[in-house]
Amino acid sequence: MSKIADESAVSQPILHAPFIDPQNNYFLEVIWFVSWGVGLSSQLKFRSLSVEDADWIAEVENDPETAKYYISVYPRTEHEIRESVKKWLEDGREKQLVAELDGEPAGCVSVGPSTGRSRHVAWLGIFVRRKHWGKGVGSALTEEAVKLAKALGCRRLMLGTTEGNDRAMNLYKKFGFEIETHVSEEAYVDGCWRKSYIMGLELTPCEPKISESLADSKMPFSSPEKSVANVVVKQLMDGDLEQIHRLQNCPESTKSSRKIPPITKEQTKKWYEALKSMSGRHCLACFENNKLLGYLRFVARPLPYSNLNIEEMIVDVNERPEEAADALITAIKGFKERYGYRRIFGYIPQTSTAIVKALKNHGFKTNGAMKSYYFTDGYYVDVSSYEYP
Ligand SMILES: CC(C)(COP(=O)(O)OP(=O)(O)OC[C@H]1O[C@@H](n2cnc3c(N)ncnc32)[C@H](O)[C@@H]1OP(=O)(O)O)[C@@H](O)C(=O)NCCC(=O)NCCS
């Protein structure tokens, strides 16, 4: 198989769904008939989400039974939920469908296409009002979501669910979703820590996949042993923007992340300004004599998670990648210990060998991988989940 250097040369069609207009309105009315019990049947229709849906969504999110599994911070005000709905609609990237049962909103599904190296993947989210559970609304919404993801040109549909959510697991398995990986003890709810599963469904084959031998041949350059005395991890300063921009535009180094160069100066600045320690968004940066060797951006999640999530880790593959990866992971472990977070989670492609080696050296373990999650240099690459301890 020939290696295709330019991703844009490889066909990865993102089609425009015929039934989504530029204002994000779902205007093809699909009518389903759901039935339950003897002789009962109802009409189910689909429409796009609107800000007016915030009230019944607040009712769903603040239902303690739903909040056990559809985990966000609970309880939340209607105002807060309305602001979230507004943001989703303004952003427009994620598509949402509301199912109405006999004219009343009964549930909602979202299909959120990812970006960069995982732009062929969409993430699914779903909830149904408790009074309508078990009537087929979830199944009908999932079927529409699969159609929508296909129409958007996505090759994989993925989702996260929580241990013990048997209804949801059975629903997803019915549609062919398979568990690809899990992270242990992701959330603490009602007296126990729960695993979080990541499930995936292939809609269109993801070929070619990177082979193990090819992954090995893509080992980044490893510099000879040097003293690590000058390697320090510290906070980023405004004056480091040029260096961050340089690193974010290194085609080889960014393969451990979703980022695909070119990244504009404006995008780098926005990325930097999005770091807000008071809201739990942090970045550790590794320097040698004021030269940026790499960074690790992470989120300190609020209850019920109490974990640190590595969102992005990039090391300069030409400048002591192993030392930089080691120093950054030592630093995030220090942060975890200092503030008493429970675990550290991260998702790293199998081809990023310097980072993978450092994670393993530090006692991180993996439970599986999100299949074909990145598309890099013409190949689909699995992205492993790592957790510590
Ligand atoms: C999960 C959820 C969306 C399912 O919606 P629903 O409308 O009840 O789903 P359906 O009626 O279409 O049932 C779908 C499948 O779930 C399974 N199921 C239904 N009731 C079940 C129960 N009591 N226990 C276990 N599985 C059950 C069945 O496999 C069913 O398919 P089948 O009837 O063909 O056998 C809904 O329960 C919900 O909103 N839960 C709270 C929010 C949530 O957990 N969202 C998912 C987060 S990952």
# chains A, B, ... in the order shown; residues from 1 in each chain; ligands from 1

$ closest_atom_pairs --of "chain A" --to "ligand 1" --cutoff "6 Å" --atoms "only C-alpha atoms and all ligand atoms" --output "CSV"
residue,atom,partner,partner_atom_place_in_ligand_line,distance
A:Thr66,CA,ligand 1,41 (C),4.4
A:Tyr69,CA,ligand 1,44 (O),4.9
A:Tyr70,CA,ligand 1,47 (C),4.5
A:Ile126,CA,ligand 1,45 (N),5.1
A:Phe127,CA,ligand 1,39 (O),3.4
A:Val128,CA,ligand 1,39 (O),3.6
A:Trp133,CA,ligand 1,8 (O),3.3
A:Gly134,CA,ligand 1,11 (O),3.2
A:Lys135,CA,ligand 1,11 (O),4.2
A:Gly136,CA,ligand 1,12 (O),3.2
A:Val137,CA,ligand 1,7 (O),4.0
A:Gly138,CA,ligand 1,7 (O),3.5
A:Ser139,CA,ligand 1,12 (O),3.6
A:Gly160,CA,ligand 1,48 (S),5.8
A:Thr161,CA,ligand 1,48 (S),3.9
A:Asp166,CA,ligand 1,25 (C),4.9
A:Arg167,CA,ligand 1,26 (N),3.6
A:Ala168,CA,ligand 1,1 (C),3.7
A:Asn170,CA,ligand 1,29 (O),4.3
A:Leu171,CA,ligand 1,15 (C),4.0

$ closest_atom_pairs --of "segment 284-320 of chain A" --to "segment 227-246 of chain A" --cutoff "7 Å" --atoms "only C-alpha atoms" --output "CSV"
residue,atom,partner,partner_atom,distance
A:Leu284,CA,A:Gln235,CA,5.8
A:Ala285,CA,A:Val233,CA,5.4
A:Cys286,CA,A:Val233,CA,4.3
A:Phe287,CA,A:Val232,CA,5.4
A:Glu288,CA,A:Val231,CA,4.6
A:Asn289,CA,A:Asn230,CA,6.2
A:Leu292,CA,A:Gln243,CA,6.3

$ write_last_selection --atoms "N, CA and C atoms" --output "mmCIF file, in the first residue's frame"
data_model
loop_
_atom_site.group_PDB
_atom_site.id
_atom_site.type_symbol
_atom_site.label_atom_id
_atom_site.label_comp_id
_atom_site.auth_asym_id
_atom_site.auth_seq_id
_atom_site.Cartn_x
_atom_site.Cartn_y
_atom_site.Cartn_z
ATOM 1 N N LEU A 284 0.786 22.540 30.870
ATOM 2 C CA LEU A 284 2.158 22.472 31.362
ATOM 3 C C LEU A 284 3.046 22.526 30.131
ATOM 4 N N ALA A 285 4.120 23.296 30.204
ATOM 5 C CA ALA A 285 4.991 23.405 29.025
ATOM 6 C C ALA A 285 6.418 23.056 29.417
ATOM 7 N N CYS A 286 7.111 22.372 28.517
ATOM 8 C CA CYS A 286 8.458 21.893 28.807
ATOM 9 C C CYS A 286 9.466 22.679 27.961
ATOM 10 N N PHE A 287 10.459 23.229 28.610
ATOM 11 C CA PHE A 287 11.460 24.050 27.922
ATOM 12 C C PHE A 287 12.860 23.506 28.187
ATOM 13 N N GLU A 288 13.738 23.727 27.229
ATOM 14 C CA GLU A 288 15.167 23.535 27.478
ATOM 15 C C GLU A 288 15.829 24.849 27.064
ATOM 16 N N ASN A 289 16.441 25.509 28.015
ATOM 17 C CA ASN A 289 17.058 26.817 27.744
ATOM 18 C C ASN A 289 16.110 27.739 26.976
ATOM 19 N N LEU A 292 10.921 25.765 23.565
ATOM 20 C CA LEU A 292 9.768 24.920 23.882
ATOM 21 C C LEU A 292 9.951 23.525 23.277
#

$ residues_around --residues "segment 118-122 of chain A" --least-positions-apart "4" --cutoff "9 Å" --atoms "only C-alpha atoms" --output "VMD selection string"
chain A and resid 12 to 14 94 111 to 114 149 153 to 159 258 372 to 375

$ write_last_selection --atoms "N, CA and C atoms" --output "PDB file, in the first residue's frame"
ATOM      1  N   GLN A  12     -12.101  11.683   1.601  1.00  0.00           N
ATOM      2  CA  GLN A  12     -12.824  11.558   2.877  1.00  0.00           C
ATOM      3  C   GLN A  12     -14.030  12.463   2.777  1.00  0.00           C
ATOM      4  N   PRO A  13     -15.016  12.055   1.974  1.00  0.00           N
ATOM      5  CA  PRO A  13     -16.077  13.007   1.668  1.00  0.00           C
ATOM      6  C   PRO A  13     -16.876  13.425   2.891  1.00  0.00           C
ATOM      7  N   ILE A  14     -17.072  14.711   3.046  1.00  0.00           N
ATOM      8  CA  ILE A  14     -18.020  15.209   4.047  1.00  0.00           C
ATOM      9  C   ILE A  14     -19.198  15.729   3.224  1.00  0.00           C
ATOM     10  N   GLU A  94     -22.629  20.574  15.732  1.00  0.00           N
ATOM     11  CA  GLU A  94     -23.376  19.408  16.194  1.00  0.00           C
ATOM     12  C   GLU A  94     -24.825  19.543  15.728  1.00  0.00           C
ATOM     13  N   VAL A 111     -25.681  14.487  17.080  1.00  0.00           N
ATOM     14  CA  VAL A 111     -24.598  13.893  16.291  1.00  0.00           C
ATOM     15  C   VAL A 111     -23.572  15.001  16.102  1.00  0.00           C
ATOM     16  N   GLY A 112     -22.427  14.850  16.751  1.00  0.00           N
ATOM     17  CA  GLY A 112     -21.417  15.916  16.722  1.00  0.00           C
ATOM     18  C   GLY A 112     -20.182  15.480  15.970  1.00  0.00           C
ATOM     19  N   PRO A 113     -20.019  15.935  14.702  1.00  0.00           N
ATOM     20  CA  PRO A 113     -18.815  15.567  13.962  1.00  0.00           C
ATOM     21  C   PRO A 113     -17.568  16.132  14.637  1.00  0.00           C
ATOM     22  N   SER A 114     -16.520  15.332  14.686  1.00  0.00           N
ATOM     23  CA  SER A 114     -15.267  15.761  15.290  1.00  0.00           C
ATOM     24  C   SER A 114     -14.462  16.593  14.279  1.00  0.00           C
ATOM     25  N   ALA A 149     -25.635  10.686  10.579  1.00  0.00           N
ATOM     26  CA  ALA A 149     -24.162  10.599  10.547  1.00  0.00           C
ATOM     27  C   ALA A 149     -23.686  10.152   9.167  1.00  0.00           C
ATOM     28  N   GLY A 153     -21.488  12.216   6.000  1.00  0.00           N
ATOM     29  CA  GLY A 153     -20.239  11.675   5.457  1.00  0.00           C
ATOM     30  C   GLY A 153     -19.334  11.065   6.506  1.00  0.00           C
ATOM     31  N   CYS A 154     -19.860  10.802   7.710  1.00  0.00           N
ATOM     32  CA  CYS A 154     -19.011  10.242   8.773  1.00  0.00           C
ATOM     33  C   CYS A 154     -18.812   8.746   8.551  1.00  0.00           C
ATOM     34  N   ARG A 155     -17.622   8.278   8.880  1.00  0.00           N
ATOM     35  CA  ARG A 155     -17.327   6.844   8.739  1.00  0.00           C
ATOM     36  C   ARG A 155     -17.530   6.077  10.037  1.00  0.00           C
ATOM     37  N   ARG A 156     -17.461   6.784  11.162  1.00  0.00           N
ATOM     38  CA  ARG A 156     -17.620   6.109  12.447  1.00  0.00           C
ATOM     39  C   ARG A 156     -18.528   6.952  13.335  1.00  0.00           C
ATOM     40  N   LEU A 157     -19.365   6.248  14.103  1.00  0.00           N
ATOM     41  CA  LEU A 157     -20.200   6.924  15.089  1.00  0.00           C
ATOM     42  C   LEU A 157     -19.764   6.382  16.446  1.00  0.00           C
ATOM     43  N   MET A 158     -19.480   7.279  17.378  1.00  0.00           N
ATOM     44  CA  MET A 158     -18.947   6.841  18.672  1.00  0.00           C
ATOM     45  C   MET A 158     -19.772   7.452  19.803  1.00  0.00           C
ATOM     46  N   LEU A 159     -19.652   6.867  20.978  1.00  0.00           N
ATOM     47  CA  LEU A 159     -20.374   7.397  22.135  1.00  0.00           C
ATOM     48  C   LEU A 159     -19.701   6.925  23.408  1.00  0.00           C
ATOM     49  N   ARG A 258      -5.217  16.019  17.582  1.00  0.00           N
ATOM     50  CA  ARG A 258      -6.161  16.148  16.455  1.00  0.00           C
ATOM     51  C   ARG A 258      -5.730  17.244  15.491  1.00  0.00           C
ATOM     52  N   SER A 372      -9.511   3.286  14.600  1.00  0.00           N
ATOM     53  CA  SER A 372      -9.419   4.181  13.420  1.00  0.00           C
ATOM     54  C   SER A 372      -9.819   5.611  13.776  1.00  0.00           C
ATOM     55  N   TYR A 373      -9.419   6.084  14.935  1.00  0.00           N
ATOM     56  CA  TYR A 373      -9.918   7.382  15.402  1.00  0.00           C
ATOM     57  C   TYR A 373      -9.210   8.564  14.740  1.00  0.00           C
ATOM     58  N   TYR A 374      -7.948   8.377  14.354  1.00  0.00           N
ATOM     59  CA  TYR A 374      -7.245   9.442  13.631  1.00  0.00           C
ATOM     60  C   TYR A 374      -7.017   9.011  12.190  1.00  0.00           C
ATOM     61  N   PHE A 375      -6.946   9.989  11.328  1.00  0.00           N
ATOM     62  CA  PHE A 375      -6.612   9.756   9.926  1.00  0.00           C
ATOM     63  C   PHE A 375      -5.362  10.594   9.648  1.00  0.00           C
TER      64      PHE A 375
END

$ closest_residue --among "A:Tyr305, A:Ala327, A:Met278, A:Val317" --to "Val183 of chain A" --atoms "only C-alpha atoms"
A:Tyr305

$ atom_distance --atom1 "atom CA of Arg194 of chain A" --atom2 "atom CA of Phe175 of chain A"
23.6 Å

$ select_by_dssp --residues "segment 10-179 of chain A" --states "alpha helix (DSSP H)" --output "number ranges by chain"
A: 54-61, 64-67, 78-91, 137-151, 166-174
